[in-house]
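Notes to accompany the following structure.
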Amino acid sequence: MPFSVCSIGILHFTGVKLKQAKEWEPKLLGFLCRWCSYAGADLAGTSRKKYPASIRIIKVPCSGRVDPLFILKALQMGFDGVLVSGCHPGDCHYQTGNYRARRRIAITKKFLEYAGIEPERIQASWVSASEAVKFTGVVTEVTKGLERVGANKLFTDERQGDGTATAQ
Amino acid sequence: MEQRLRSEVKALLEQGKIDRVIGFEPGSLKFTTTPLITSDGGDVDHLVINPFIVNNLSVYLTGTSGRVGIVAKGCDSRSIVSLIQDNKVLRENVVIIGIPCSGVIDLTKVERLAGKDRDELDDIVRQGDKITVTVGGERKEFPASEVLFDNCLGCEFPTPREYDILLDEPVTPTPDKAISEQKLDSLREMPPEQRWQFWKEEFSRCIRCYACRNVCPACFCERCFVEESEPQWVLPVPRWQDNLIFQVIRSIHVAGRCTDCGECERACPVNIPLRSLTREMCNLAEELFNYKVGIDKEAPPLFVAYELEEAEDLIR
Amino acid sequence: MADSKRINKEDTGRLLDEWSKEFSVSVPSRENGMPAMLPWDGKDTSFLEWYRNTVIPPKANFFPPYEKMFDFQKGAEGYHLELPPSDKQKQLIFGIRPCDARALTILDTVFQDTYQDPYYLSRRANTVLVGLGCTNPYDSCFCTSLGISPGESTDVDLMFTDTGDGFFIEPVSDKGRELLAATGGLEDGLEADEARAKDVKEAAYRKITRRIDTGDIQQRLAACFENQDYWEKVAAKCVSCGICTFLCPTCYCFDINDELSQDEGTRFRSWDSCSFPIYTRMPMENPRQEKWRRVRQKVCHKYWFYPVNLDITACTGCGRCIRLCPVNWDITQTLNNLPASS
């Protein structure tokens, strides 16, 4: 891995703890590509569109930047689901980043499902800079899916040395 | 085959076509072989080919300099092709000495069937599809399908596709996916929570010796993500959570490189059925992207290649 | 022997039951085929049939693959440490082999050398070792070359010898003598048992055929220490995994890591291995970048540096490193083929 620092690592190491409300609500970590989906989310905000507050967003240069490790790490940290979102096929700022991302995400989703992680927890979408409505739709649907599968208890352990970084 | 191998290697060394050879010699324990890496022509007579040549020798290629002759079974040759695709090995620097392989004997299976440990057995002889095990003077016969490694039973490419010298006539593949993937099928039948529970228990035993990674030719990273300390993705503490993340990510990292040689599972000292992860990765590469590993040295690797339209059903 | 005892094999379960009242009893058990010393389930004594030795050495019962050292919180006054509750439970390990028992004696020298390791030593003090002599050693075993007899041990508290339908039981330490005196339902050992036990021990000794030449080994290692060609040759096939060191009953290296979140965290220690290229990278760099240096270190540490520093060879000939190595790297070959000089 050529990258020594990335946002999720910083999140972990500056010790950002996920605060959970008394009643469980899904927590979704979104990796949004800066050229399309992040701008789409921004547009949703500036146009005052309503969507669930479940999502925490990390801006990535390209959906191709998302290592499957980020996804699993987010689940270990206690997020209930992960959304990777990038430009539509053919629209990648770097020409082919999202095609590469697509292969990686497809393999990761299917493989983690085989390992026993509910597919609802690993989601991907194509959202362009103008698709604020699509963005709110995706977040709403993904959140509903997470409500269906419930809280992520994959990495919790009753035994000593709990491997989840989540507190409370 | 063995005689031909020795004379070919001798000639290659003498003619200066290779600087060293990677092959198998008899191991120090009964029914074992061990990798032989040598540039000494005198060692060539130790080279053997028998049903116990378990190792995937291509793991040594990335660390060996000069022009190398390498003994390769079907799966090993595909690992070499994959290394060539990844630019880790230059084709002109290797002389692939191919063994048409009819499968390697899984000693754990023999031990289970014979009810005795490896060193308590007198003899194991393979003749075609029959394997005769002698224990305490008593001879027991088993069909190869009960004694070969699971991955060998599902092997589609027993004969190397890429080679410079092929030591014998090609072997006709007889893959039996059902037998080969018995363990995977039983996992597929479980509900997801039970599968996760299964892996959680298996990985509770992991001691993170990294034998699985270090015997794997596809794991060629100079620094593995588990060894990163900033950020420290995974603690070097063998808790099941970290162990599981390590192995799941390792499986994803070797997607499109794993040839189902089964070395990770064989090397594991605590019997974690690792092939049940890596084999599924091979299946996914094929199902989703029609990608078979180590077939075409000119093809781009799985995660470099793409089609304009694929896997869209998995994306919103 | 005046204080020896005997027991029929079918009464083993009853004996373990009795000991379970006072101790947490561990016996050889298989977890998905992988044998280790695990807590006794209260009924299964089938290990008497299959047990030869464990994969995970019993050092793990004292020095586990990982353990929590303490939790810590940052407060206004600095850090507050919270140690895990010390384990007061007395434990009994049934069936430890003489090689592995010797290994604990070797580990004692490390964990109470200049620093008294509370985690290891408290478990050690709370434990009774019940040895079980080998009758069927592996072809990889070479304990006799290290001065160990597979049927006998001075490193346990009680020693069991398989006499066919029963066990001949000899106390070795005072702890063992006390336990034996407090254990009911055992018959006194007969002379015939003792004679039979002697035969069994001698037969086991003869079964070990793998040998290393330990004569002036330190000098021989010193003589070829700089022989890079030799070490490169023996190290060529090593894949630098941690099997031989993690599963060595005498290897004790560990790494320390913190899991941090905001103002609190947990400190763990876990097994580490000199085979790994990243070994000791945390403080600085690994001085043994090349594989042959790491292999040389492993061999020399056990047979040369350790004896010089602590007057004991750090190998017991249990053969795990040979038996479990994925590439059949064999320490006995490495030692026996040492060139006379560089």
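Within each chain, counting starts at residue 1; across the structure tokens, chains are named A, B, ... in the order shown, with ligands numbered 1 upward in that order.
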Show me, as a Markdown table, the residues of chain C having an atom within 9 Å of chain B, each with the closest atom pair and its distance in Å, using only C-alpha atoms.
```
| residue | atom | partner | partner_atom | distance |
| --- | --- | --- | --- | --- |
| C:Glu31 | CA | B:Arg205 | CA | 8.5 |
| C:Asn32 | CA | B:Asn271 | CA | 6.9 |
| C:Gly33 | CA | B:Asn271 | CA | 7.0 |
| C:Met34 | CA | B:Val270 | CA | 5.5 |
| C:Pro35 | CA | B:Val270 | CA | 8.5 |
| C:Trp50 | CA | B:Lys116 | CA | 8.9 |
| C:Val55 | CA | B:Pro269 | CA | 7.4 |
| C:Ile56 | CA | B:Val270 | CA | 8.2 |
| C:Pro65 | CA | B:Ile207 | CA | 6.4 |
| C:Tyr66 | CA | B:Val237 | CA | 6.2 |
| C:Glu67 | CA | B:Val237 | CA | 8.5 |
| C:Tyr138 | CA | B:Asp119 | CA | 6.7 |
| C:Asp139 | CA | B:Asp119 | CA | 6.0 |
| C:Ser140 | CA | B:Leu29 | CA | 7.0 |
| C:Lys233 | CA | B:Thr38 | CA | 8.0 |
| C:Ala236 | CA | B:Ile37 | CA | 6.5 |
| C:Lys237 | CA | B:Pro35 | CA | 6.1 |
| C:Val239 | CA | B:Asn214 | CA | 5.7 |
| C:Ser240 | CA | B:Asn214 | CA | 6.8 |
| C:Cys241 | CA | B:Ala211 | CA | 4.8 |
| C:Gly242 | CA | B:Cys209 | CA | 4.3 |
| C:Ile243 | CA | B:Cys209 | CA | 5.6 |
| C:Thr245 | CA | B:Cys209 | CA | 8.8 |
| C:Phe246 | CA | B:Cys209 | CA | 7.0 |
| C:Leu247 | CA | B:Pro269 | CA | 8.9 |
| C:Asp255 | CA | B:Pro236 | CA | 8.2 |
| C:Ile256 | CA | B:Val237 | CA | 8.7 |
| C:Asn257 | CA | B:Leu235 | CA | 7.3 |
| C:Asp258 | CA | B:Leu235 | CA | 8.4 |
| C:Glu259 | CA | B:Leu235 | CA | 7.7 |
| C:Phe268 | CA | B:Val237 | CA | 7.2 |
| C:Arg269 | CA | B:Val237 | CA | 7.2 |
| C:Ser270 | CA | B:Val237 | CA | 5.6 |
| C:Trp271 | CA | B:Val237 | CA | 8.1 |
| C:Asp272 | CA | B:Cys209 | CA | 8.7 |
| C:Ser273 | CA | B:Cys209 | CA | 8.3 |
| C:Ile278 | CA | B:Glu227 | CA | 7.6 |
| C:Met282 | CA | B:Ser229 | CA | 8.7 |
| C:Ile322 | CA | B:Leu29 | CA | 8.4 |
| C:Arg323 | CA | B:Leu29 | CA | 7.9 |
| C:Leu324 | CA | B:Pro269 | CA | 6.4 |
| C:Cys325 | CA | B:Ala267 | CA | 7.6 |
| C:Pro326 | CA | B:Ala267 | CA | 5.0 |
| C:Val327 | CA | B:Thr34 | CA | 5.6 |
| C:Asn328 | CA | B:Thr34 | CA | 5.6 |
| C:Trp329 | CA | B:Thr34 | CA | 7.7 |
| C:Asp330 | CA | B:Ser28 | CA | 7.1 |
| C:Gln333 | CA | B:Ser28 | CA | 8.3 |
```
I'd like the neighbourhood of Asp3 of chain C as a list in words, where a residue qualifies if any of its atoms comes within 9 Å (using only C-alpha atoms), though same-chain residues fewer than 5 positions away should be ignored.
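Using only C-alpha atoms, the neighbours found are Ile169, Glu170, Pro171, Arg177, Leu180, Ala181, Asp188 and Gly189 of chain C.
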Residues of chain B no more than 9 Å from chain A, counting only C-alpha atoms: send them over as a ChimeraX atom specification.
/B:187-188,191-199,221,223-225,228-234,239-242,245,248-249,252-253,255,277,280-281,284-285,288-289,302-312,314-316
Using only C-alpha atoms, select each residue of chain C with any atom at most 12 Å away from an atom of chain A, and give the selection as a PyMOL selection string.
chain C and resi 66-71+84-85+258-269
What residues in segment 161-264 of chain C get the DSSP label alpha helix (DSSP H)? Please answer as a ChimeraX atom specification.
/C:174-182,191-207,217-223,228-235,243-246
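Distances to Thr132 of chain B were evaluated for B:Cys152, B:Ile99, B:Leu83, B:Val110 using only C-alpha atoms, and the minimum falls at B:Val110.
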Interatomic distance (Å, one decimal) between atom CA of Arg30 of chain C and atom CA of Gly95 of chain C
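Distance reported for this atom pair: 13.8 Å.
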Find the spatial neighbours of Glu152 of chain C, counting only C-alpha atoms, within a cut-off of 8 Å - ignore same-chain residues fewer than 4 positions away - and output them as a list in words.
Pro98, Gly133, Ile148, Met159 and Lys201 of chain C
Include N, CA and C atoms and write out the residues we just selected as a CSV table (one decimal), in the first residue's frame.
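Everything below was put into again_36.csv:
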```
chain,number,residue,atom,x,y,z
C,98,PRO,N,7.8,-34.2,28.7
C,98,PRO,CA,9.1,-33.8,29.3
C,98,PRO,C,9.8,-32.6,28.5
C,133,GLY,N,4.9,-39.3,30.3
C,133,GLY,CA,6.0,-39.7,29.5
C,133,GLY,C,5.6,-40.1,28.1
C,148,ILE,N,17.4,-34.7,27.4
C,148,ILE,CA,16.1,-34.9,27.9
C,148,ILE,C,15.7,-36.4,27.6
C,159,MET,N,4.8,-37.1,37.8
C,159,MET,CA,5.1,-37.7,36.5
C,159,MET,C,4.3,-39.0,36.3
C,201,LYS,N,10.1,-46.3,29.8
C,201,LYS,CA,11.0,-45.1,29.6
C,201,LYS,C,12.2,-45.4,28.7
```
Spatial neighbours of Asp108 of chain C, max dist 10 Å, only C-alpha atoms, sep filter under 3 positions, as a PyMOL selection string
chain C and resi 102-105+111-113+116-117+120-121+124+250
d(atom CA of Pro58 of chain C, atom CA of Leu310 of chain C) in Å
21.6 Å
Could you check how far atom CA of Gly185 of chain C sits from atom CA of Phe168 of chain C, in Å to one decimal?
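Distance between the two atoms: 13.9 Å.
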